[in-house]
$ cat coords_8.txt   # compact mmCIF, C-alpha atoms
# COMPACT_ATOMS: atom_id res chain seq x y z
CA MET K 1 -4.79 -13.07 30.53
CA ASP K 2 -8.08 -11.18 29.98
CA PHE K 3 -9.90 -12.77 27.02
CA PHE K 4 -11.75 -9.57 26.09
CA TYR K 5 -8.56 -7.52 26.25
CA LEU K 6 -6.83 -10.00 23.93
CA ALA K 7 -9.84 -10.01 21.59
CA GLU K 8 -9.88 -6.21 21.52
CA LEU K 9 -6.18 -6.15 20.65
CA SER K 10 -6.72 -8.74 17.93
CA ILE K 11 -9.72 -7.01 16.33
CA ASN K 12 -8.09 -3.59 16.29
CA GLY K 13 -4.85 -5.18 15.11
CA ALA K 14 -6.65 -6.95 12.26
CA LEU K 15 -8.22 -3.65 11.17
CA VAL K 16 -4.83 -1.91 11.26
CA GLY K 17 -3.49 -4.84 9.23
CA LEU K 18 -6.17 -4.24 6.61
CA MET K 19 -4.99 -0.63 6.45
CA TYR K 20 -1.44 -1.91 5.89
CA ALA K 21 -2.88 -4.02 3.08
CA LEU K 22 -4.42 -0.87 1.61
CA VAL K 23 -0.87 0.40 1.07
CA ALA K 24 0.51 -3.01 0.04
CA ILE K 25 -2.13 -3.46 -2.67
CA GLY K 26 -0.40 -0.70 -4.63
CA ILE K 27 2.84 -2.73 -4.58
CA VAL K 28 1.05 -5.95 -5.50
CA PHE K 29 -0.92 -4.21 -8.26
CA ILE K 30 2.21 -3.00 -10.07
CA TYR K 31 4.02 -6.31 -9.60
CA LYS K 32 1.00 -8.24 -10.84
CA SER K 33 0.84 -5.94 -13.87
CA SER K 34 4.51 -5.51 -14.80
CA SER K 35 6.67 -7.79 -12.57
CA VAL K 36 8.28 -4.71 -10.98
CA VAL K 37 8.43 -4.17 -7.21
CA ASN K 38 7.57 -0.53 -6.55
CA PHE K 39 9.69 0.67 -3.63
CA ALA K 40 8.28 4.18 -4.11
CA GLN K 41 4.79 3.25 -2.88
CA GLY K 42 5.45 4.56 0.64
CA SER K 43 6.39 8.04 -0.54
CA MET K 44 3.50 8.01 -3.02
CA VAL K 45 1.14 7.35 -0.08
CA MET K 46 2.68 10.31 1.74
CA LEU K 47 2.39 12.52 -1.36
CA GLY K 48 -1.21 11.43 -1.91
CA ALA K 49 -2.07 12.40 1.67
CA PHE K 50 -0.49 15.85 1.23
CA VAL K 51 -2.33 16.37 -2.05
CA THR K 52 -5.67 15.47 -0.47
CA TRP K 53 -4.94 17.70 2.53
CA SER K 54 -4.04 20.58 0.18
CA MET K 55 -7.29 20.16 -1.73
CA ALA K 56 -9.26 20.29 1.55
CA ASP K 57 -7.29 22.89 3.51
CA GLN K 58 -5.62 25.17 0.98
CA VAL K 59 -8.00 24.98 -1.97
CA GLY K 60 -11.03 24.80 0.31
CA ALA K 61 -12.76 21.84 -1.30
CA PRO K 62 -15.15 19.84 0.91
CA ILE K 63 -13.69 16.51 1.98
CA TRP K 64 -16.11 14.56 -0.25
CA ALA K 65 -14.54 16.39 -3.22
CA ALA K 66 -10.98 16.65 -1.89
CA VAL K 67 -10.47 12.87 -1.73
CA PRO K 68 -11.58 12.22 -5.36
CA LEU K 69 -9.46 15.18 -6.49
CA GLY K 70 -6.49 13.66 -4.68
CA LEU K 71 -7.11 10.34 -6.44
CA VAL K 72 -7.26 12.04 -9.86
CA ILE K 73 -4.09 14.06 -9.27
CA MET K 74 -2.17 11.00 -8.06
CA TYR K 75 -3.53 9.01 -11.02
CA ILE K 76 -1.96 11.62 -13.32
CA PHE K 77 1.21 11.59 -11.20
CA GLY K 78 1.48 7.82 -11.65
CA LEU K 79 1.12 8.22 -15.40
CA GLY K 80 3.87 10.85 -15.37
CA VAL K 81 6.23 8.67 -13.35
CA GLU K 82 5.82 5.79 -15.80
CA ARG K 83 6.20 8.01 -18.86
CA LEU K 84 9.21 10.03 -17.68
CA ALA K 85 11.08 7.58 -15.45
CA LEU K 86 10.00 4.00 -16.14
CA ARG K 87 9.43 3.93 -19.90
CA PRO K 88 13.03 4.84 -20.79
CA MET K 89 14.10 1.83 -18.67
CA VAL K 90 12.23 -0.72 -20.80
CA GLY K 91 14.63 -3.53 -21.69
CA GLN K 92 17.03 -2.75 -18.84
CA PRO K 93 17.88 -5.35 -16.16
CA ILE K 94 15.22 -5.60 -13.46
CA ILE K 95 17.70 -4.56 -10.77
CA MET K 96 18.10 -1.18 -12.49
CA ILE K 97 14.33 -0.61 -12.39
CA LEU K 98 14.22 -1.59 -8.70
CA MET K 99 16.98 0.92 -7.95
CA LEU K 100 15.05 3.55 -9.88
CA THR K 101 11.91 3.04 -7.78
CA LEU K 102 14.04 3.18 -4.61
CA GLY K 103 15.61 6.42 -5.82
CA LEU K 104 12.14 7.79 -6.55
CA GLU K 105 11.10 6.88 -2.99
CA ILE K 106 14.06 8.82 -1.55
CA PHE K 107 13.47 11.78 -3.88
CA ILE K 108 9.76 12.16 -3.05
CA ARG K 109 10.42 11.59 0.66
CA GLY K 110 12.90 14.48 0.62
CA LEU K 111 11.00 16.82 -1.69
CA THR K 112 7.57 16.63 -0.08
CA PRO K 113 8.60 18.01 3.36
CA ALA K 114 10.54 20.74 1.55
CA ILE K 115 7.29 21.86 -0.07
CA TRP K 116 4.78 21.37 2.77
CA GLY K 117 7.04 21.38 5.84
CA ILE K 118 7.53 18.74 8.53
CA ASP K 119 4.71 19.64 10.92
CA PRO K 120 1.82 17.13 11.03
CA ARG K 121 -1.36 18.37 9.34
CA PRO K 122 -4.78 17.11 10.43
CA LEU K 123 -6.90 15.46 7.73
CA ARG K 124 -10.49 15.09 8.87
CA LEU K 125 -12.62 12.65 6.91
CA GLY K 126 -15.67 13.13 9.11
CA ILE K 127 -15.02 10.01 11.19
CA GLY K 128 -15.88 10.54 14.86
CA ASP K 129 -13.33 10.03 17.62
CA ASP K 130 -15.70 8.03 19.78
CA PRO K 131 -14.95 4.29 19.70
CA PHE K 132 -17.38 1.66 18.50
CA PHE K 133 -18.49 -0.62 21.34
CA LEU K 134 -18.59 -4.35 20.67
CA GLY K 135 -19.72 -5.70 24.01
CA PRO K 136 -17.01 -4.75 26.51
CA MET K 137 -14.49 -4.15 23.70
CA LEU K 138 -13.62 -0.77 22.17
CA ILE K 139 -13.07 -0.70 18.41
CA ASN K 140 -11.42 2.31 16.79
CA LYS K 141 -13.85 3.79 14.23
CA SER K 142 -11.05 5.05 11.98
CA TYR K 143 -9.55 1.57 11.87
CA LEU K 144 -12.97 0.09 11.15
CA ILE K 145 -13.66 2.45 8.24
CA GLY K 146 -10.12 1.95 6.92
CA GLY K 147 -10.54 -1.81 7.06
CA ILE K 148 -13.83 -1.64 5.16
CA ILE K 149 -12.24 0.57 2.48
CA ALA K 150 -9.38 -1.93 2.13
CA LEU K 151 -11.83 -4.81 1.63
CA VAL K 152 -13.83 -2.86 -0.96
CA LEU K 153 -10.63 -1.97 -2.82
CA THR K 154 -9.58 -5.64 -2.74
CA GLY K 155 -12.86 -6.62 -4.35
CA LEU K 156 -12.52 -3.96 -7.05
CA CYS K 157 -8.94 -4.99 -7.88
CA THR K 158 -9.90 -8.66 -7.98
CA PHE K 159 -12.74 -7.84 -10.37
CA LEU K 160 -10.44 -5.68 -12.53
CA PHE K 161 -7.98 -8.53 -13.06
CA ARG K 162 -10.83 -10.65 -14.42
CA THR K 163 -11.76 -8.08 -17.06
CA ARG K 164 -10.25 -7.63 -20.53
CA MET K 165 -7.87 -5.01 -19.14
CA GLY K 166 -6.89 -7.34 -16.32
CA VAL K 167 -5.97 -10.03 -18.85
CA LYS K 168 -3.66 -7.51 -20.51
CA PHE K 169 -2.10 -6.68 -17.13
CA ARG K 170 -1.35 -10.34 -16.46
CA ALA K 171 -0.08 -10.95 -19.99
CA VAL K 172 2.39 -8.08 -19.76
CA SER K 173 3.54 -9.29 -16.35
CA ASP K 174 4.23 -12.77 -17.74
CA ASP K 175 6.09 -11.78 -20.91
CA TYR K 176 6.63 -8.34 -22.46
CA VAL K 177 7.77 -9.68 -25.85
CA ALA K 178 4.89 -12.14 -26.20
CA SER K 179 2.46 -9.36 -25.29
CA TRP K 180 3.91 -7.09 -27.96
CA SER K 181 3.66 -9.93 -30.49
CA VAL K 182 -0.10 -10.31 -29.98
CA GLY K 183 -0.78 -6.59 -30.32
CA ILE K 184 -0.88 -5.46 -26.68
CA TYR K 185 0.42 -1.92 -26.21
CA VAL K 186 2.76 -2.82 -23.34
CA GLU K 187 3.81 0.74 -22.49
CA ARG K 188 0.19 1.84 -22.18
CA VAL K 189 -0.68 -1.11 -19.94
CA ILE K 190 2.27 -0.45 -17.64
CA GLY K 191 1.36 3.25 -17.55
CA MET K 192 -2.19 2.35 -16.53
CA SER K 193 -0.88 0.13 -13.71
CA TRP K 194 1.26 2.96 -12.33
CA ALA K 195 -1.62 5.41 -12.65
CA LEU K 196 -3.95 3.13 -10.70
CA ALA K 197 -1.22 2.53 -8.10
CA GLY K 198 -1.00 6.31 -7.71
CA ALA K 199 -4.75 6.54 -7.10
CA ILE K 200 -4.51 3.65 -4.60
CA ALA K 201 -1.68 5.51 -2.86
CA ALA K 202 -3.86 8.63 -2.56
CA LEU K 203 -6.67 6.57 -1.03
CA GLY K 204 -4.30 4.89 1.42
CA GLY K 205 -2.69 8.23 2.27
CA SER K 206 -6.07 9.81 2.96
CA VAL K 207 -7.07 6.98 5.32
CA TRP K 208 -3.74 6.90 7.16
CA GLY K 209 -3.54 10.70 7.21
CA SER K 210 -6.87 10.85 9.03
CA VAL K 211 -5.50 8.43 11.66
CA GLN K 212 -2.03 9.79 12.41
CA GLY K 213 -1.92 13.14 10.63
CA VAL K 214 -0.28 14.08 7.35
CA ASP K 215 3.50 14.34 7.51
CA TRP K 216 6.66 12.72 6.18
CA SER K 217 6.32 9.71 8.51
CA LEU K 218 3.55 8.29 6.28
CA SER K 219 6.31 7.21 3.90
CA LEU K 220 7.54 4.80 6.59
CA LEU K 221 4.48 2.67 5.88
CA LEU K 222 6.61 1.23 3.08
CA LEU K 223 8.22 -1.23 5.54
CA LYS K 224 4.85 -2.59 6.68
CA ALA K 225 3.54 -2.70 3.10
CA VAL K 226 6.58 -4.64 1.89
CA ALA K 227 6.19 -7.09 4.79
CA VAL K 228 2.53 -7.61 3.88
CA ALA K 229 3.26 -8.01 0.16
CA ILE K 230 6.10 -10.48 0.71
CA LEU K 231 4.18 -12.60 3.22
CA GLY K 232 1.00 -12.70 1.14
CA GLY K 233 2.80 -13.17 -2.17
CA LEU K 234 3.84 -10.33 -4.45
CA ASP K 235 1.29 -11.30 -7.09
CA SER K 236 -1.65 -12.08 -4.79
CA ILE K 237 -4.10 -9.32 -3.82
CA GLY K 238 -6.09 -11.67 -1.58
CA GLY K 239 -2.82 -12.82 -0.02
CA ALA K 240 -1.99 -9.21 0.84
CA VAL K 241 -5.26 -8.89 2.74
CA LEU K 242 -4.72 -12.08 4.73
CA ALA K 243 -1.08 -11.21 5.40
CA GLY K 244 -2.09 -7.72 6.52
CA ILE K 245 -4.55 -9.17 9.03
CA MET K 246 -1.91 -11.59 10.35
CA ILE K 247 0.77 -8.91 10.70
CA GLY K 248 -1.66 -6.46 12.29
CA ILE K 249 -2.74 -8.99 14.93
CA LEU K 250 0.84 -10.04 15.68
CA GLU K 251 1.97 -6.42 15.99
CA SER K 252 -0.92 -5.46 18.24
CA VAL K 253 -0.66 -8.43 20.61
CA ILE K 254 3.14 -8.65 20.77
CA SER K 255 3.63 -4.90 21.28
CA ALA K 256 0.96 -4.78 24.00
CA TYR K 257 2.83 -7.33 26.10
CA LEU K 258 6.46 -6.67 25.13
CA ASP K 259 6.59 -2.87 24.85
CA PRO K 260 6.43 -2.33 28.64
CA LEU K 261 9.49 -4.61 28.92
CA VAL K 262 11.68 -3.89 25.89
CA GLY K 263 10.30 -0.71 24.29
CA SER K 264 8.76 -0.42 20.84
CA SER K 265 8.58 -3.77 19.04
CA ARG K 266 6.25 -2.99 16.11
CA GLU K 267 9.01 -2.39 13.57
CA VAL K 268 10.84 -5.51 14.72
CA VAL K 269 7.76 -7.64 13.99
CA ALA K 270 7.62 -6.41 10.37
CA VAL K 271 11.35 -6.95 9.79
CA MET K 272 11.27 -10.47 11.28
CA ILE K 273 8.31 -11.40 9.08
CA ILE K 274 10.19 -10.24 5.98
CA LEU K 275 13.31 -12.22 6.93
CA LEU K 276 11.46 -15.40 7.92
CA THR K 277 9.26 -15.35 4.83
CA ILE K 278 12.24 -14.96 2.49
CA LEU K 279 14.09 -17.78 4.27
CA ILE K 280 11.20 -20.24 4.64
CA ARG K 281 8.72 -19.43 1.85
CA PRO K 282 10.25 -16.96 -0.63
CA TYR K 283 7.10 -16.75 -2.77
CA GLY K 284 4.84 -15.97 0.19
CA LEU K 285 1.64 -17.67 1.26
CA PHE K 286 -0.17 -17.32 -2.07
CA GLY K 287 2.51 -16.17 -4.49
CA LYS K 288 3.14 -17.97 -7.75
CA GLU K 289 6.23 -20.15 -7.50
CA ILE K 290 8.41 -19.81 -10.58
CA ILE K 291 10.74 -22.69 -11.40
CA GLU K 292 13.46 -21.95 -13.94
CA ARG K 293 15.26 -24.80 -15.67
CA VAL K 294 18.72 -24.22 -17.03
$ encode --input "coords_8.txt" --output "structure tokens"
Amino acid sequence: MDFFYLAELSINGALVGLMYALVAIGIVFIYKSSSVVNFAQGSMVMLGAFVTWSMADQVGAPIWAAVPLGLVIMYIFGLGVERLALRPMVGQPIIMILMLTLGLEIFIRGLTPAIWGIDPRPLRLGIGDDPFFLGPMLINKSYLIGGIIALVLTGLCTFLFRTRMGVKFRAVSDDYVASWSVGIYVERVIGMSWALAGAIAALGGSVWGSVQGVDWSLSLLLLKAVAVAILGGLDSIGGAVLAGIMIGILESVISAYLDPLVGSSREVVAVMIILLTILIRPYGLFGKEIIERV
């Protein structure tokens, strides 16, 4: 086994894993703010990528303006989703809200190709195609930039949860009624969490769209994001980053050696991680374990 080949696979895999974490952070953010698992994050990433592409290609905005415009539009979209779909569900069983987010995922996944078509659209962020050389190893520049963006976003989210607004997020996640009783406007806090998750989705969609093109398949990142969120812990942003790196390395190394023998194994890795985590450590590596006494 060539050491440098294995190291190259691991480094590129870790960077891809950080890009998975970029999508998963949106799931973790909403769960950490409202105790709801957002199964619509994959389609929101796809929609965010299409919005950014439209700003750049159809409106004609330069890419440095198209990306922020995409973030603003998806921020407003997140607010709209919470106001029109989630707010009427306040007080309903959590399973009903989960089904609603899953229905939203299916709806957006079907509607977006109907509007923009199914052909992949290139989204150029100005990242060169030439690889970055690290000794004898080749590192994908798009993966490198995506990984850096994921780390910066992780730092910003971690800082946010230590601010006054972050305290409100965590209070609402712990107990809606207690939050209401101390004067926290719960609906506004939940709306803000969905708005920020929409902006995160646009950022993740822009990064992934520049790597593989903008089309409906970006919504399939939901499987990888869920695997990352579950392994890291649904309420741990740092856990999502570490889990993303682990999953990315496993995918890269396993697929490099098994794909020539058994075909594509990337999706299998994500599914197995979800199953094993739920069976062995349901709260993930860094998730908060909740013990209920009856």
$ residues_around --input "coords_8.txt" --residues "K:Pro282" --least-positions-apart "3" --cutoff "12 Å" --atoms "only C-alpha atoms" --output "list in words"
Ala227, Ala229, Ile230, Leu231, Gly232, Gly233, Leu234, Ile273, Ile274, Leu275, Leu276, Thr277, Ile278, Leu279, Leu285, Phe286, Gly287, Lys288, Glu289 and Ile290 of chain K
$ closest_residue --input "coords_8.txt" --among "K:Leu100, K:Tyr5, K:Ala225, K:Met272" --to "K:Met137" --atoms "all atoms listed in the file"
K:Tyr5
$ closest_atom_pairs --input "coords_8.txt" --of "stretch 75-138 of chain K" --to "stretch 25-39 of chain K" --cutoff "10 Å" --atoms "all atoms listed in the file" --output "JSON lines"
{"residue": "K:Ile94", "atom": "CA", "partner": "K:Val36", "partner_atom": "CA", "distance": 7.4}
{"residue": "K:Ile95", "atom": "CA", "partner": "K:Val36", "partner_atom": "CA", "distance": 9.4}
{"residue": "K:Ile97", "atom": "CA", "partner": "K:Val36", "partner_atom": "CA", "distance": 7.4}
{"residue": "K:Leu98", "atom": "CA", "partner": "K:Val37", "partner_atom": "CA", "distance": 6.5}
{"residue": "K:Met99", "atom": "CA", "partner": "K:Phe39", "partner_atom": "CA", "distance": 8.5}
{"residue": "K:Leu100", "atom": "CA", "partner": "K:Phe39", "partner_atom": "CA", "distance": 8.7}
{"residue": "K:Thr101", "atom": "CA", "partner": "K:Phe39", "partner_atom": "CA", "distance": 5.3}
{"residue": "K:Leu102", "atom": "CA", "partner": "K:Phe39", "partner_atom": "CA", "distance": 5.1}
{"residue": "K:Gly103", "atom": "CA", "partner": "K:Phe39", "partner_atom": "CA", "distance": 8.5}
{"residue": "K:Leu104", "atom": "CA", "partner": "K:Phe39", "partner_atom": "CA", "distance": 8.1}
{"residue": "K:Glu105", "atom": "CA", "partner": "K:Phe39", "partner_atom": "CA", "distance": 6.4}
{"residue": "K:Ile106", "atom": "CA", "partner": "K:Phe39", "partner_atom": "CA", "distance": 9.5}
$ atom_distance --input "coords_8.txt" --atom1 "atom CA of K:Leu22" --atom2 "atom CA of K:Phe169"
19.8 Å
$ closest_residue --input "coords_8.txt" --among "K:Pro260, K:Val268, K:Ile249, K:Tyr283" --to "K:Gly13" --atoms "all atoms listed in the file"
K:Ile249
$ residues_near_point --input "coords_8.txt" --point "(-4.1, -8.9, -0.7)" --cutoff "7 Å" --atoms "all atoms listed in the file" --output "PyMOL selection string"
chain K and resi 21+25+154+232+236-242
$ write_last_selection --input "coords_8.txt" --atoms "C-alpha atoms" --output "compact mmCIF listing (two decimals), in the coordinates of the input"
# COMPACT_ATOMS: atom_id res chain seq x y z
CA ALA K 21 -2.88 -4.02 3.08
CA ILE K 25 -2.13 -3.46 -2.67
CA THR K 154 -9.58 -5.64 -2.74
CA GLY K 232 1.00 -12.70 1.14
CA SER K 236 -1.65 -12.08 -4.79
CA ILE K 237 -4.10 -9.32 -3.82
CA GLY K 238 -6.09 -11.67 -1.58
CA GLY K 239 -2.82 -12.82 -0.02
CA ALA K 240 -1.99 -9.21 0.84
CA VAL K 241 -5.26 -8.89 2.74
CA LEU K 242 -4.72 -12.08 4.73
$ residues_near_point --input "coords_8.txt" --point "(-0.4, 10.4, -4.6)" --cutoff "10 Å" --atoms "only C-alpha atoms" --output "ChimeraX atom specification"
/K:41-52,70-78,195,197-206
$ atom_distance --input "coords_8.txt" --atom1 "atom CA of K:Ala40" --atom2 "atom CA of K:Leu111"
13.2 Å
$ build_atoms --input "coords_8.txt" --residues "stretch 226-260 of chain K" --atoms "N, CA and C atoms" --output "compact mmCIF listing (two decimals), keeping the file's coordinate frame"
# COMPACT_ATOMS: atom_id res chain seq x y z
N VAL K 226 5.71 -3.63 2.48
CA VAL K 226 6.58 -4.64 1.89
C VAL K 226 6.45 -5.96 2.65
N ALA K 227 6.37 -5.88 3.99
CA ALA K 227 6.19 -7.09 4.79
C ALA K 227 4.89 -7.79 4.41
N VAL K 228 3.82 -7.04 4.25
CA VAL K 228 2.53 -7.61 3.88
C VAL K 228 2.59 -8.24 2.48
N ALA K 229 3.19 -7.51 1.53
CA ALA K 229 3.26 -8.01 0.16
C ALA K 229 4.10 -9.27 0.06
N ILE K 230 5.22 -9.31 0.77
CA ILE K 230 6.10 -10.48 0.71
C ILE K 230 5.44 -11.69 1.38
N LEU K 231 4.83 -11.48 2.53
CA LEU K 231 4.18 -12.60 3.22
C LEU K 231 3.00 -13.13 2.43
N GLY K 232 2.18 -12.25 1.88
CA GLY K 232 1.00 -12.70 1.14
C GLY K 232 1.33 -13.24 -0.23
N GLY K 233 2.46 -12.81 -0.79
CA GLY K 233 2.80 -13.17 -2.17
C GLY K 233 2.71 -11.94 -3.03
N LEU K 234 3.79 -11.59 -3.71
CA LEU K 234 3.84 -10.33 -4.45
C LEU K 234 2.80 -10.23 -5.56
N ASP K 235 2.28 -11.35 -6.02
CA ASP K 235 1.29 -11.30 -7.09
C ASP K 235 -0.11 -11.72 -6.62
N SER K 236 -0.36 -11.65 -5.32
CA SER K 236 -1.65 -12.08 -4.79
C SER K 236 -2.30 -10.94 -3.99
N ILE K 237 -3.38 -10.38 -4.52
CA ILE K 237 -4.10 -9.32 -3.82
C ILE K 237 -4.81 -9.87 -2.58
N GLY K 238 -5.45 -11.03 -2.73
CA GLY K 238 -6.09 -11.67 -1.58
C GLY K 238 -5.07 -12.05 -0.52
N GLY K 239 -3.89 -12.49 -0.96
CA GLY K 239 -2.82 -12.82 -0.02
C GLY K 239 -2.38 -11.61 0.78
N ALA K 240 -2.36 -10.43 0.14
CA ALA K 240 -1.99 -9.21 0.84
C ALA K 240 -2.97 -8.89 1.97
N VAL K 241 -4.25 -9.14 1.71
CA VAL K 241 -5.26 -8.89 2.74
C VAL K 241 -5.07 -9.83 3.93
N LEU K 242 -4.92 -11.12 3.65
CA LEU K 242 -4.72 -12.08 4.73
C LEU K 242 -3.43 -11.82 5.49
N ALA K 243 -2.36 -11.51 4.75
CA ALA K 243 -1.08 -11.21 5.40
C ALA K 243 -1.18 -9.94 6.25
N GLY K 244 -1.91 -8.95 5.75
CA GLY K 244 -2.09 -7.72 6.52
C GLY K 244 -2.79 -7.99 7.85
N ILE K 245 -3.83 -8.82 7.80
CA ILE K 245 -4.55 -9.17 9.03
C ILE K 245 -3.61 -9.89 10.00
N MET K 246 -2.83 -10.84 9.49
CA MET K 246 -1.91 -11.59 10.35
C MET K 246 -0.87 -10.68 10.99
N ILE K 247 -0.26 -9.81 10.18
CA ILE K 247 0.77 -8.91 10.70
C ILE K 247 0.17 -7.92 11.69
N GLY K 248 -1.02 -7.41 11.38
CA GLY K 248 -1.66 -6.46 12.29
C GLY K 248 -1.95 -7.08 13.65
N ILE K 249 -2.45 -8.32 13.66
CA ILE K 249 -2.74 -8.99 14.93
C ILE K 249 -1.45 -9.26 15.71
N LEU K 250 -0.43 -9.76 15.01
CA LEU K 250 0.84 -10.04 15.68
C LEU K 250 1.44 -8.77 16.28
N GLU K 251 1.44 -7.70 15.50
CA GLU K 251 1.97 -6.42 15.99
C GLU K 251 1.22 -5.95 17.23
N SER K 252 -0.09 -5.98 17.15
CA SER K 252 -0.92 -5.46 18.24
C SER K 252 -0.71 -6.25 19.53
N VAL K 253 -0.77 -7.58 19.42
CA VAL K 253 -0.66 -8.43 20.61
C VAL K 253 0.76 -8.41 21.17
N ILE K 254 1.75 -8.59 20.30
CA ILE K 254 3.14 -8.65 20.77
C ILE K 254 3.56 -7.33 21.40
N SER K 255 3.22 -6.20 20.74
CA SER K 255 3.63 -4.90 21.28
C SER K 255 2.93 -4.59 22.60
N ALA K 256 1.69 -5.05 22.76
CA ALA K 256 0.96 -4.78 24.00
C ALA K 256 1.63 -5.43 25.20
N TYR K 257 2.23 -6.61 24.99
CA TYR K 257 2.83 -7.33 26.10
C TYR K 257 4.34 -7.13 26.20
N LEU K 258 5.00 -6.81 25.09
CA LEU K 258 6.46 -6.67 25.13
C LEU K 258 6.92 -5.23 25.30
N ASP K 259 6.15 -4.26 24.78
CA ASP K 259 6.59 -2.87 24.85
C ASP K 259 6.89 -2.39 26.26
N PRO K 260 6.08 -2.76 27.28
CA PRO K 260 6.43 -2.33 28.64
C PRO K 260 7.76 -2.90 29.13
